[in-house]
>>> print(open('data_6.txt').read())   # compact mmCIF, C-alpha atoms and all ligand atoms
# COMPACT_ATOMS: atom_id res chain seq x y z
CA MET C 1 -24.33 77.01 -2.18
CA LYS C 2 -24.84 79.37 -5.10
CA ASN C 3 -21.83 80.68 -7.04
CA THR C 4 -19.85 77.63 -6.00
CA THR C 5 -16.72 76.77 -7.93
CA LEU C 6 -15.92 73.07 -7.97
CA GLY C 7 -12.32 72.02 -8.61
CA ILE C 8 -11.91 68.71 -10.43
CA LEU C 9 -8.59 66.84 -10.37
CA GLY C 10 -8.14 64.92 -13.61
CA GLY C 11 -9.28 65.91 -17.07
CA GLY C 12 -10.50 62.82 -18.93
CA GLN C 13 -14.03 61.92 -19.98
CA LEU C 14 -15.25 61.58 -16.39
CA GLY C 15 -14.06 65.14 -15.76
CA SER C 16 -15.86 66.31 -18.93
CA LEU C 17 -19.13 64.67 -17.90
CA LEU C 18 -18.84 66.04 -14.34
CA ALA C 19 -18.19 69.54 -15.67
CA SER C 20 -21.21 69.34 -18.01
CA ALA C 21 -23.45 68.14 -15.19
CA ALA C 22 -22.21 70.95 -12.95
CA LYS C 23 -22.86 73.58 -15.61
CA LYS C 24 -26.44 72.37 -15.96
CA ILE C 25 -27.11 73.21 -12.30
CA GLY C 26 -25.15 76.46 -12.18
CA ILE C 27 -21.90 75.25 -10.60
CA LYS C 28 -18.64 76.53 -12.08
CA THR C 29 -15.77 74.08 -12.62
CA ILE C 30 -11.99 74.23 -12.89
CA ILE C 31 -10.07 71.23 -14.19
CA PHE C 32 -6.58 70.57 -12.83
CA CYS C 33 -4.73 68.05 -14.96
CA ASP C 34 -1.21 67.02 -15.99
CA ASP C 35 -2.22 66.56 -19.64
CA ILE C 36 -2.11 69.71 -21.75
CA ASN C 37 -4.69 68.14 -24.08
CA ALA C 38 -7.08 67.14 -21.28
CA PRO C 39 -10.49 66.82 -23.00
CA ALA C 40 -12.38 68.12 -19.95
CA GLN C 41 -11.07 71.66 -20.50
CA LYS C 42 -13.60 71.93 -23.36
CA PHE C 43 -16.43 71.55 -20.84
CA SER C 44 -15.11 73.39 -17.78
CA ASP C 45 -15.00 77.11 -17.02
CA ASP C 46 -11.27 77.12 -16.33
CA PHE C 47 -8.27 74.82 -16.72
CA ILE C 48 -4.95 74.54 -14.91
CA PHE C 49 -2.32 72.45 -16.64
CA SER C 50 0.19 71.16 -14.13
CA GLU C 51 1.96 68.17 -12.66
CA TYR C 52 0.07 66.92 -9.59
CA HIS C 53 3.05 67.76 -7.33
CA ASN C 54 3.53 71.39 -8.37
CA GLN C 55 2.95 73.35 -5.16
CA LYS C 56 2.71 76.73 -6.92
CA LYS C 57 0.00 75.51 -9.27
CA ILE C 58 -1.79 73.73 -6.43
CA ASN C 59 -1.89 77.05 -4.53
CA GLU C 60 -3.31 78.80 -7.60
CA PHE C 61 -5.98 76.09 -7.84
CA ILE C 62 -6.87 76.34 -4.12
CA LYS C 63 -7.42 80.11 -4.44
CA LYS C 64 -9.87 79.61 -7.28
CA VAL C 65 -12.10 76.85 -5.86
CA ASP C 66 -14.58 76.36 -3.01
CA ILE C 67 -14.62 72.58 -2.99
CA VAL C 68 -12.60 69.87 -4.74
CA THR C 69 -13.31 66.43 -6.11
CA PHE C 70 -11.44 64.05 -8.42
CA GLU C 71 -12.35 62.05 -11.51
CA PHE C 72 -9.91 59.18 -11.04
CA GLU C 73 -8.54 57.48 -7.97
CA ASN C 74 -4.87 57.57 -8.83
CA ILE C 75 -4.32 61.23 -8.02
CA PRO C 76 -1.32 61.24 -5.60
CA TYR C 77 -2.49 61.07 -1.98
CA GLU C 78 -0.02 63.86 -1.12
CA THR C 79 -1.76 66.22 -3.53
CA LEU C 80 -5.23 65.43 -2.20
CA ASN C 81 -3.98 65.90 1.35
CA ILE C 82 -2.34 69.27 0.72
CA ILE C 83 -5.48 70.56 -0.98
CA ASN C 84 -7.70 69.14 1.76
CA LYS C 85 -5.91 71.29 4.37
CA ASN C 86 -7.18 74.38 2.56
CA ARG C 87 -10.32 73.33 0.70
CA LYS C 88 -12.46 70.35 1.45
CA VAL C 89 -11.75 67.40 -0.87
CA LEU C 90 -14.72 65.03 -1.30
CA PRO C 91 -14.75 62.08 -1.14
CA SER C 92 -12.14 62.37 1.59
CA PRO C 93 -8.50 61.56 0.67
CA GLN C 94 -8.27 58.87 3.38
CA ILE C 95 -10.96 56.89 1.58
CA ASN C 96 -9.04 57.18 -1.64
CA GLN C 97 -5.87 55.95 0.03
CA ILE C 98 -7.61 52.71 1.02
CA ILE C 99 -9.31 52.12 -2.31
CA GLN C 100 -6.17 52.97 -4.33
CA ASN C 101 -4.66 49.81 -2.90
CA ARG C 102 -6.37 46.55 -3.94
CA LEU C 103 -5.17 44.74 -0.81
CA LYS C 104 -6.38 47.36 1.67
CA GLU C 105 -9.62 47.62 -0.31
CA LYS C 106 -10.32 43.87 -0.14
CA ASN C 107 -9.39 43.70 3.56
CA LEU C 108 -11.86 46.48 4.30
CA ILE C 109 -14.66 44.83 2.31
CA ASN C 110 -14.14 41.49 4.08
CA SER C 111 -14.05 43.20 7.48
CA LEU C 112 -17.66 44.25 6.79
CA GLY C 113 -18.68 40.63 6.25
CA ILE C 114 -19.00 41.18 2.50
CA LYS C 115 -17.73 38.48 0.16
CA THR C 116 -14.86 38.91 -2.30
CA THR C 117 -13.00 36.23 -4.20
CA SER C 118 -10.14 34.60 -2.20
CA TYR C 119 -6.87 36.50 -2.39
CA ALA C 120 -3.39 36.81 -0.96
CA SER C 121 -0.68 39.44 -0.80
CA VAL C 122 2.26 38.58 -3.07
CA LYS C 123 5.67 40.21 -2.63
CA ASN C 124 7.90 37.62 -4.27
CA ILE C 125 7.96 34.36 -6.17
CA ASN C 126 7.79 32.32 -2.94
CA ASP C 127 4.50 33.95 -1.99
CA LEU C 128 3.16 32.89 -5.38
CA ASN C 129 4.25 29.29 -4.95
CA PHE C 130 2.88 29.27 -1.44
CA ASN C 131 -0.57 30.41 -2.65
CA SER C 132 -0.93 27.97 -5.54
CA LYS C 133 -4.35 26.98 -4.14
CA LEU C 134 -5.59 30.32 -5.56
CA LEU C 135 -4.80 29.20 -9.11
CA PRO C 136 -6.09 29.66 -11.69
CA GLY C 137 -5.94 33.26 -10.66
CA ILE C 138 -5.12 36.81 -11.63
CA LEU C 139 -2.07 38.57 -10.30
CA LYS C 140 -2.73 42.31 -10.07
CA THR C 141 -0.54 45.21 -9.03
CA CYS C 142 -1.92 46.58 -5.75
CA THR C 143 -1.84 50.15 -7.04
CA LEU C 144 -2.20 52.11 -10.27
CA GLY C 145 -4.00 49.49 -12.39
CA TYR C 146 -7.03 50.26 -14.57
CA ASP C 147 -8.74 48.69 -17.60
CA GLY C 148 -6.87 45.46 -16.91
CA LYS C 149 -3.46 47.15 -16.89
CA GLY C 150 -0.96 45.57 -14.48
CA GLN C 151 -2.79 42.22 -14.49
CA PHE C 152 -1.44 38.76 -15.34
CA LYS C 153 -3.55 35.66 -15.66
CA ILE C 154 -1.82 32.66 -14.08
CA ASN C 155 -3.30 29.25 -14.85
CA SER C 156 -0.83 27.02 -13.07
CA ILE C 157 2.42 27.15 -11.21
CA LYS C 158 4.16 26.28 -14.53
CA ASP C 159 3.13 29.71 -15.90
CA ILE C 160 5.11 31.50 -13.29
CA SER C 161 8.48 32.75 -14.33
CA SER C 162 9.93 35.49 -12.21
CA THR C 163 11.31 37.14 -15.36
CA ASN C 164 8.00 38.57 -16.55
CA ILE C 165 6.86 39.82 -13.16
CA ASN C 166 8.51 42.90 -11.71
CA PHE C 167 8.55 42.34 -7.97
CA GLU C 168 9.37 45.97 -7.26
CA ASN C 169 5.58 46.33 -7.31
CA GLN C 170 3.38 44.85 -4.63
CA TYR C 171 0.82 42.37 -5.94
CA ILE C 172 -2.39 40.69 -4.96
CA LEU C 173 -3.22 37.23 -6.27
CA GLU C 174 -6.96 36.72 -6.74
CA LYS C 175 -8.66 33.42 -7.40
CA LEU C 176 -10.36 33.44 -10.79
CA VAL C 177 -14.14 33.63 -10.47
CA ASP C 178 -16.10 31.36 -12.82
CA LEU C 179 -18.09 34.30 -14.14
CA LYS C 180 -21.73 34.19 -15.10
CA LYS C 181 -21.93 37.94 -15.32
CA GLU C 182 -20.78 41.24 -13.88
CA ILE C 183 -22.91 44.02 -12.44
CA SER C 184 -22.26 47.35 -10.77
CA ILE C 185 -24.12 49.46 -8.26
CA ILE C 186 -23.82 53.21 -8.40
CA ILE C 187 -24.72 55.00 -5.21
CA THR C 188 -24.51 58.65 -4.22
CA ARG C 189 -24.26 59.27 -0.50
CA PHE C 190 -25.23 62.74 0.72
CA GLY C 191 -24.77 62.14 4.47
CA GLU C 192 -25.68 59.67 7.18
CA ASN C 193 -28.23 57.21 5.75
CA SER C 194 -29.00 59.65 2.94
CA TYR C 195 -28.59 58.12 -0.49
CA GLU C 196 -29.66 57.96 -4.08
CA ILE C 197 -28.99 54.49 -5.45
CA TYR C 198 -29.39 53.26 -9.02
CA GLU C 199 -30.58 49.77 -9.87
CA PRO C 200 -27.89 47.20 -10.76
CA ILE C 201 -26.26 47.75 -14.15
CA GLU C 202 -25.18 44.68 -16.12
CA ASN C 203 -21.70 44.97 -17.61
CA LEU C 204 -19.86 43.04 -20.27
CA HIS C 205 -16.07 43.32 -20.57
CA GLU C 206 -13.88 42.55 -23.55
CA ASN C 207 -10.14 42.19 -22.87
CA GLN C 208 -10.80 43.35 -19.30
CA ILE C 209 -12.22 46.64 -20.59
CA LEU C 210 -15.87 47.53 -20.18
CA LYS C 211 -17.62 47.23 -23.54
CA TYR C 212 -21.39 47.13 -22.88
CA SER C 213 -23.67 48.18 -19.98
CA LYS C 214 -27.43 47.86 -19.69
CA ILE C 215 -30.40 48.33 -17.38
CA PRO C 216 -32.26 46.41 -16.22
CA ALA C 217 -29.63 43.82 -15.33
CA ASP C 218 -30.84 40.29 -15.89
CA VAL C 219 -30.37 39.10 -12.28
CA ASN C 220 -32.61 37.70 -9.56
CA GLU C 221 -34.26 39.70 -6.72
CA LYS C 222 -31.83 38.42 -4.12
CA ILE C 223 -28.87 39.72 -6.11
CA ILE C 224 -30.58 43.06 -6.62
CA ASP C 225 -31.22 43.41 -2.88
CA THR C 226 -27.83 42.16 -1.69
CA SER C 227 -25.83 44.24 -4.17
CA LYS C 228 -27.69 47.38 -3.06
CA LYS C 229 -27.37 46.50 0.61
CA TRP C 230 -23.60 45.95 0.32
CA ALA C 231 -23.09 49.22 -1.57
CA LYS C 232 -24.92 51.09 1.21
CA LEU C 233 -22.89 49.30 3.87
CA ILE C 234 -19.60 50.18 2.16
CA SER C 235 -20.47 53.83 1.60
CA GLU C 236 -21.78 54.21 5.16
CA GLU C 237 -18.66 52.60 6.64
CA LEU C 238 -16.46 54.97 4.60
CA LYS C 239 -18.66 57.97 5.51
CA TYR C 240 -18.46 58.61 1.80
CA ILE C 241 -19.76 61.82 0.25
CA GLY C 242 -20.43 61.71 -3.50
CA THR C 243 -20.93 59.02 -6.11
CA LEU C 244 -19.29 55.64 -5.64
CA CYS C 245 -19.41 52.48 -7.74
CA VAL C 246 -19.22 48.91 -6.49
CA GLU C 247 -18.30 46.36 -9.16
CA TYR C 248 -19.58 42.83 -8.59
CA PHE C 249 -18.92 39.35 -9.92
CA ILE C 250 -21.69 36.76 -10.10
CA ASP C 251 -20.45 33.19 -10.49
CA LYS C 252 -22.18 30.30 -12.25
CA LYS C 253 -23.81 29.28 -8.95
CA ASP C 254 -25.26 32.77 -8.48
CA ASN C 255 -22.85 33.72 -5.69
CA LEU C 256 -22.24 37.44 -5.45
CA TYR C 257 -18.75 38.88 -4.77
CA VAL C 258 -17.49 42.42 -4.68
CA ASN C 259 -14.79 42.82 -7.33
CA GLU C 260 -13.69 46.36 -6.57
CA ILE C 261 -14.84 49.80 -5.51
CA ALA C 262 -14.38 52.94 -7.58
CA PRO C 263 -14.40 56.05 -5.37
CA ARG C 264 -15.80 58.17 -8.18
CA VAL C 265 -18.31 58.29 -11.00
CA HIS C 266 -18.00 55.20 -13.18
CA ASN C 267 -18.09 54.20 -16.83
CA SER C 268 -20.99 51.79 -16.23
CA GLY C 269 -23.08 54.75 -15.04
CA HIS C 270 -22.80 56.76 -18.25
CA LEU C 271 -26.23 55.56 -19.30
CA THR C 272 -27.76 57.38 -16.29
CA ILE C 273 -27.22 60.69 -18.15
CA ASN C 274 -30.08 59.72 -20.45
CA SER C 275 -31.99 57.03 -18.59
CA HIS C 276 -32.63 58.95 -15.35
CA ASN C 277 -33.87 62.39 -14.37
CA ILE C 278 -30.60 62.87 -12.46
CA SER C 279 -27.35 61.30 -13.65
CA GLN C 280 -24.56 59.85 -11.52
CA PHE C 281 -22.56 62.99 -12.41
CA GLU C 282 -25.23 65.46 -11.28
CA ASN C 283 -25.78 63.48 -8.08
CA HIS C 284 -22.04 63.58 -7.42
CA VAL C 285 -21.89 67.34 -7.91
CA ARG C 286 -24.99 67.80 -5.74
CA ALA C 287 -23.53 65.71 -2.92
CA VAL C 288 -20.04 67.24 -2.85
CA CYS C 289 -21.39 70.80 -3.20
CA ASN C 290 -23.90 70.16 -0.43
CA LEU C 291 -26.92 70.86 -2.65
CA GLU C 292 -30.39 69.47 -2.12
CA LYS C 293 -30.80 65.73 -2.68
CA LYS C 294 -33.50 65.09 -5.27
CA ASN C 295 -35.44 61.93 -5.84
CA THR C 296 -33.69 60.05 -8.65
CA ILE C 297 -36.10 58.34 -11.03
CA LYS C 298 -35.61 56.03 -14.00
CA LEU C 299 -37.26 57.36 -17.16
CA PHE C 300 -36.04 54.74 -19.65
CA ASN C 301 -34.26 51.44 -19.82
CA ALA C 302 -30.95 51.77 -21.61
CA GLN C 303 -27.95 50.15 -23.23
CA MET C 304 -24.54 51.72 -23.51
CA ILE C 305 -21.68 50.76 -25.80
CA ASN C 306 -18.15 52.01 -25.22
CA LEU C 307 -16.41 53.18 -28.36
CA ILE C 308 -12.86 51.96 -27.98
CA GLY C 309 -9.95 52.85 -30.26
CA ASP C 310 -10.96 53.00 -33.94
CA ASP C 311 -14.65 52.35 -33.14
CA ILE C 312 -15.07 56.09 -32.75
CA LEU C 313 -14.40 56.74 -36.45
CA LYS C 314 -17.51 54.83 -37.52
CA TYR C 315 -19.69 56.82 -35.19
CA ARG C 316 -18.39 60.33 -35.89
CA ASN C 317 -20.24 60.43 -39.22
CA LYS C 318 -23.01 58.02 -38.45
CA LYS C 319 -26.66 59.02 -38.45
CA ILE C 320 -27.84 58.75 -34.86
CA ASN C 321 -31.42 57.64 -34.17
CA LYS C 322 -33.78 59.71 -32.02
CA ASN C 323 -33.44 57.33 -29.07
CA GLU C 324 -29.63 57.31 -29.27
CA PHE C 325 -27.10 59.66 -27.70
CA PHE C 326 -23.53 59.81 -28.95
CA TYR C 327 -20.70 61.17 -26.81
CA ASP C 328 -17.31 61.92 -28.33
CA TYR C 329 -14.62 62.41 -25.68
CA TYR C 330 -12.56 64.55 -28.09
CA LYS C 331 -9.31 62.82 -27.22
CA LYS C 332 -6.42 64.08 -29.31
CA ASP C 333 -5.12 60.69 -30.45
CA ILE C 334 -6.91 57.47 -31.18
CA LYS C 335 -5.10 54.63 -29.41
CA ILE C 336 -5.79 50.95 -29.26
CA ASN C 337 -7.82 50.08 -26.11
CA ARG C 338 -8.42 53.78 -25.36
CA LYS C 339 -11.98 54.80 -24.49
CA MET C 340 -12.82 57.37 -27.16
CA GLY C 341 -16.56 57.85 -26.70
CA HIS C 342 -19.81 56.04 -25.97
CA LEU C 343 -23.30 55.63 -27.34
CA THR C 344 -26.41 55.21 -25.21
CA LYS C 345 -29.62 53.79 -26.61
CA LEU C 346 -32.87 54.36 -24.72
CA ILE C 347 -35.68 51.84 -24.56
CA ASN C 348 -39.16 52.78 -23.37
CA LEU C 349 -40.15 51.38 -19.98
P1 LIG N 401 -9.65 47.31 -13.33
O1 LIG N 401 -9.18 48.14 -12.18
O2 LIG N 401 -8.68 47.25 -14.45
O3 LIG N 401 -11.08 47.59 -13.71
P2 LIG N 401 -10.63 44.75 -12.36
O4 LIG N 401 -10.11 44.07 -11.15
O5 LIG N 401 -12.01 45.30 -12.27
O6 LIG N 401 -9.56 45.84 -12.76
O7 LIG N 401 -10.53 43.74 -13.59
C1 LIG N 401 -11.04 44.04 -14.87
C2 LIG N 401 -11.90 42.89 -15.39
O8 LIG N 401 -11.13 41.67 -15.45
C3 LIG N 401 -13.07 42.55 -14.48
O9 LIG N 401 -14.17 43.40 -14.70
C4 LIG N 401 -13.33 41.09 -14.90
O10 LIG N 401 -13.99 41.03 -16.15
C5 LIG N 401 -11.92 40.54 -15.08
N1 LIG N 401 -11.45 40.00 -13.78
C6 LIG N 401 -10.68 40.64 -12.87
N2 LIG N 401 -10.46 39.89 -11.77
C7 LIG N 401 -11.11 38.73 -11.95
C8 LIG N 401 -11.28 37.54 -11.16
N3 LIG N 401 -10.71 37.39 -9.96
N4 LIG N 401 -12.07 36.54 -11.68
C9 LIG N 401 -12.66 36.68 -12.90
N5 LIG N 401 -12.53 37.77 -13.68
C10 LIG N 401 -11.77 38.79 -13.25
MG MG N 402 -12.80 47.17 -12.65
>>> encode(input="data_6.txt", output="structure tokens")
Amino acid sequence: MKNTTLGILGGGQLGSLLASAAKKIGIKTIIFCDDINAPAQKFSDDFIFSEYHNQKKINEFIKKVDIVTFEFENIPYETLNIINKNRKVLPSPQINQIIQNRLKEKNLINSLGIKTTSYASVKNINDLNFNSKLLPGILKTCTLGYDGKGQFKINSIKDISSTNINFENQYILEKLVDLKKEISIIITRFGENSYEIYEPIENLHENQILKYSKIPADVNEKIIDTSKKWAKLISEELKYIGTLCVEYFIDKKDNLYVNEIAPRVHNSGHLTINSHNISQFENHVRAVCNLEKKNTIKLFNAQMINLIGDDILKYRNKKINKNEFFYDYYKKDIKINRKMGHLTKLINL
């Protein structure tokens, strides 16, 4: 499809990196976002500032685009659905509705015979007491959490006081995994049994926020094979079109569990911009715009560091080496725990 205009819902760094990848291959982009300062407008061809429920603005957006995707999974389902009646939204809104909800997501994964940590639905304090076998665990809101937001670590039943948990939300209680490490698989599905899949990426979190990613991941062959196999199985079951990320836990006994699925490009895949001939962002744009699938090849090993909060200040004036690539997300305000940029370092194969 030449002269395609791709609409992107959401205007953060993932939107910026998608828009840049699209530009590189001649696809125009329009960002639709409820933040007037959305950084992605610097990288896109057009920008619509609007609440996600504004029908008039949605109509304006629909008229301007050929195809629509989203950069984060918490876009209201209603909005995705309305747009999808007029312009195709990829990945499909139904997929997003499942993955937006941690409980539905985990039920789906387990229905495929894929392992997750043990979990239970929690609607009130009784449910928590009843599931004390899952402790120590993490109580997470079923919807709208990211970067550890909406999560409470619960070591024992003594920790539970109904006062600090707002039971208007629905929760999932997950058993704590005795973590050895975390990895992610990024896969782009173009159609039935048609994929590009990146090797596992090893991820290190600090305060439940991704801090470092690297390839190759230091894991055994069996984990490499199983993590890829499960990512294919999940994306095939969902009939997914575009780039998807599966986050995994590996425990001290080398058991592999799916942590969660991100129905979008993912922070751990930022290093693919520089390490591969085709990044996760370009593959996403190619898949949703129905462009040719190209063989994705690793050119370098790589390490990525997220620049969170004040970290960015050090890097803005720093001399960057030839094998390093610095990305500033140009966010208006520096905030604690906010992802402000990242740096990728390449290592020869
Ligand atoms: P988010 O949507 O915020 O990324 P995650 O469920 O991925 O939420 O949790 C963020 C991080 O918190 C994980 O990457 C992991 O480091 C830690 N974490 C979450 N759940 C568990 C668990 N059940 N056992 C061990 N660590 C966990
Ligand atoms: Mg996560």
>>> residues_around(input="data_6.txt", residues="segment 187-193 of chain C", least_positions_apart="4", cutoff="10 Å", atoms="all atoms listed in the file", output="MDAnalysis selection string")
chainID C and resid 91 197:199 228 231:233 235:237 239:246 264:265 269 280:293
>>> closest_atom_pairs(input="data_6.txt", of="chain C", to="ligand MG 402 (chain N)", cutoff="7 Å", atoms="only C-alpha atoms and all ligand atoms", output="JSON lines")
{"residue": "C:Tyr146", "atom": "CA", "partner": "N:MG402", "partner_atom": "MG", "distance": 6.8}
{"residue": "C:Asp147", "atom": "CA", "partner": "N:MG402", "partner_atom": "MG", "distance": 6.6}
{"residue": "C:Glu247", "atom": "CA", "partner": "N:MG402", "partner_atom": "MG", "distance": 6.6}
{"residue": "C:Glu260", "atom": "CA", "partner": "N:MG402", "partner_atom": "MG", "distance": 6.2}
>>> write_last_selection(input="data_6.txt", atoms="C-alpha atoms", output="CSV table (one decimal), in the frame of the given file")
chain,number,residue,atom,x,y,z
C,146,TYR,CA,-7.0,50.3,-14.6
C,147,ASP,CA,-8.7,48.7,-17.6
C,247,GLU,CA,-18.3,46.4,-9.2
C,260,GLU,CA,-13.7,46.4,-6.6
>>> residues_near_ligand(input="data_6.txt", ligand="ligand LIG 401 (chain N)", cutoff="6 Å", atoms="all atoms listed in the file", output="ChimeraX atom specification")
/C:138,145-149,174-177,205,208
>>> residues_around(input="data_6.txt", residues="segment 58-72 of chain C", least_positions_apart="6", cutoff="6 Å", atoms="all atoms listed in the file", output="short mmCIF file (atom, residue, chain, number, x, y, z; two decimals) with C-alpha atoms, keeping the file's coordinate frame")
data_model
loop_
_atom_site.label_atom_id
_atom_site.label_comp_id
_atom_site.auth_asym_id
_atom_site.auth_seq_id
_atom_site.Cartn_x
_atom_site.Cartn_y
_atom_site.Cartn_z
CA THR C 5 -16.72 76.77 -7.93
CA LEU C 6 -15.92 73.07 -7.97
CA GLY C 7 -12.32 72.02 -8.61
CA ILE C 8 -11.91 68.71 -10.43
CA LEU C 9 -8.59 66.84 -10.37
CA GLY C 10 -8.14 64.92 -13.61
CA LEU C 14 -15.25 61.58 -16.39
CA GLY C 15 -14.06 65.14 -15.76
CA ARG C 87 -10.32 73.33 0.70
CA LYS C 88 -12.46 70.35 1.45
CA VAL C 89 -11.75 67.40 -0.87
CA LEU C 90 -14.72 65.03 -1.30
#
>>> atom_distance(input="data_6.txt", atom1="atom CA of Lys42 of chain C", atom2="atom CA of Gly11 of chain C")
9.7 Å
>>> closest_residue(input="data_6.txt", among="C:Asp35, C:Asp159, C:Glu324, C:Asp225", to="Asn129 of chain C", atoms="all atoms listed in the file")
C:Asp159
>>> closest_residue(input="data_6.txt", among="C:Leu17, C:Ile165, C:Ala262, C:Ile27", to="Thr4 of chain C", atoms="only C-alpha atoms")
C:Ile27
>>> closest_residue(input="data_6.txt", among="C:Lys298, C:Leu173, C:Cys142, C:Lys332", to="Ile154 of chain C", atoms="only C-alpha atoms")
C:Leu173
>>> closest_residue(input="data_6.txt", among="C:Ala302, C:Leu144, C:Leu210, C:Leu103", to="Asn348 of chain C", atoms="all atoms listed in the file")
C:Ala302
>>> atom_distance(input="data_6.txt", atom1="atom CA of Ala38 of chain C", atom2="atom CA of Leu80 of chain C")
19.2 Å
>>> closest_residue(input="data_6.txt", among="C:Phe326, C:Pro216, C:Asn124, C:Lys57", to="Ser161 of chain C", atoms="all atoms listed in the file")
C:Asn124
>>> closest_residue(input="data_6.txt", among="C:Thr296, C:Gln55, C:Thr272, C:Asn207", to="Asn337 of chain C", atoms="only C-alpha atoms")
C:Asn207
>>> residues_around(input="data_6.txt", residues="Asp311 of chain C", least_positions_apart="2", cutoff="12 Å", atoms="only C-alpha atoms", output="list in words")
Lys211, Ile305, Asn306, Leu307, Ile308, Gly309, Leu313, Lys314, Tyr315, Arg316, Asn317, Lys318, Asp328, Ile334, Lys335, Ile336, Asn337, Arg338, Lys339, Met340, Gly341, His342 and Leu343 of chain C
>>> atom_distance(input="data_6.txt", atom1="atom CA of Glu196 of chain C", atom2="atom CA of Arg102 of chain C")
25.9 Å
>>> residues_near_point(input="data_6.txt", point="(-31.4, 45.5, -17.9)", cutoff="9 Å", atoms="all atoms listed in the file", output="list in words")
Pro200, Ile201, Glu202, Ser213, Lys214, Ile215, Pro216, Ala217, Asp218, Val219, Asn301, Ala302 and Gln303 of chain C
>>> decode(input="data_6.txt", residues="segment 177-192 of chain C", atoms="C-alpha atoms", output="PDB file, in the first residue's frame")
ATOM      1  CA  VAL C 177       7.867 -16.115  41.627  1.00  0.00           C
ATOM      2  CA  ASP C 178      11.327 -16.736  43.089  1.00  0.00           C
ATOM      3  CA  LEU C 179      12.959 -14.925  40.186  1.00  0.00           C
ATOM      4  CA  LYS C 180      16.244 -15.905  38.606  1.00  0.00           C
ATOM      5  CA  LYS C 181      15.687 -13.588  35.694  1.00  0.00           C
ATOM      6  CA  GLU C 182      13.169 -12.090  33.306  1.00  0.00           C
ATOM      7  CA  ILE C 183      13.131 -12.293  29.528  1.00  0.00           C
ATOM      8  CA  SER C 184      10.820 -11.146  26.767  1.00  0.00           C
ATOM      9  CA  ILE C 185      10.039 -12.365  23.284  1.00  0.00           C
ATOM     10  CA  ILE C 186       9.069  -9.895  20.616  1.00  0.00           C
ATOM     11  CA  ILE C 187       7.216 -11.356  17.682  1.00  0.00           C
ATOM     12  CA  THR C 188       5.597  -9.738  14.665  1.00  0.00           C
ATOM     13  CA  ARG C 189       2.826 -11.768  13.075  1.00  0.00           C
ATOM     14  CA  PHE C 190       1.951 -10.925   9.471  1.00  0.00           C
ATOM     15  CA  GLY C 191      -0.709 -13.609   8.925  1.00  0.00           C
ATOM     16  CA  GLU C 192      -1.277 -17.320   9.413  1.00  0.00           C
TER      17      GLU C 192
END
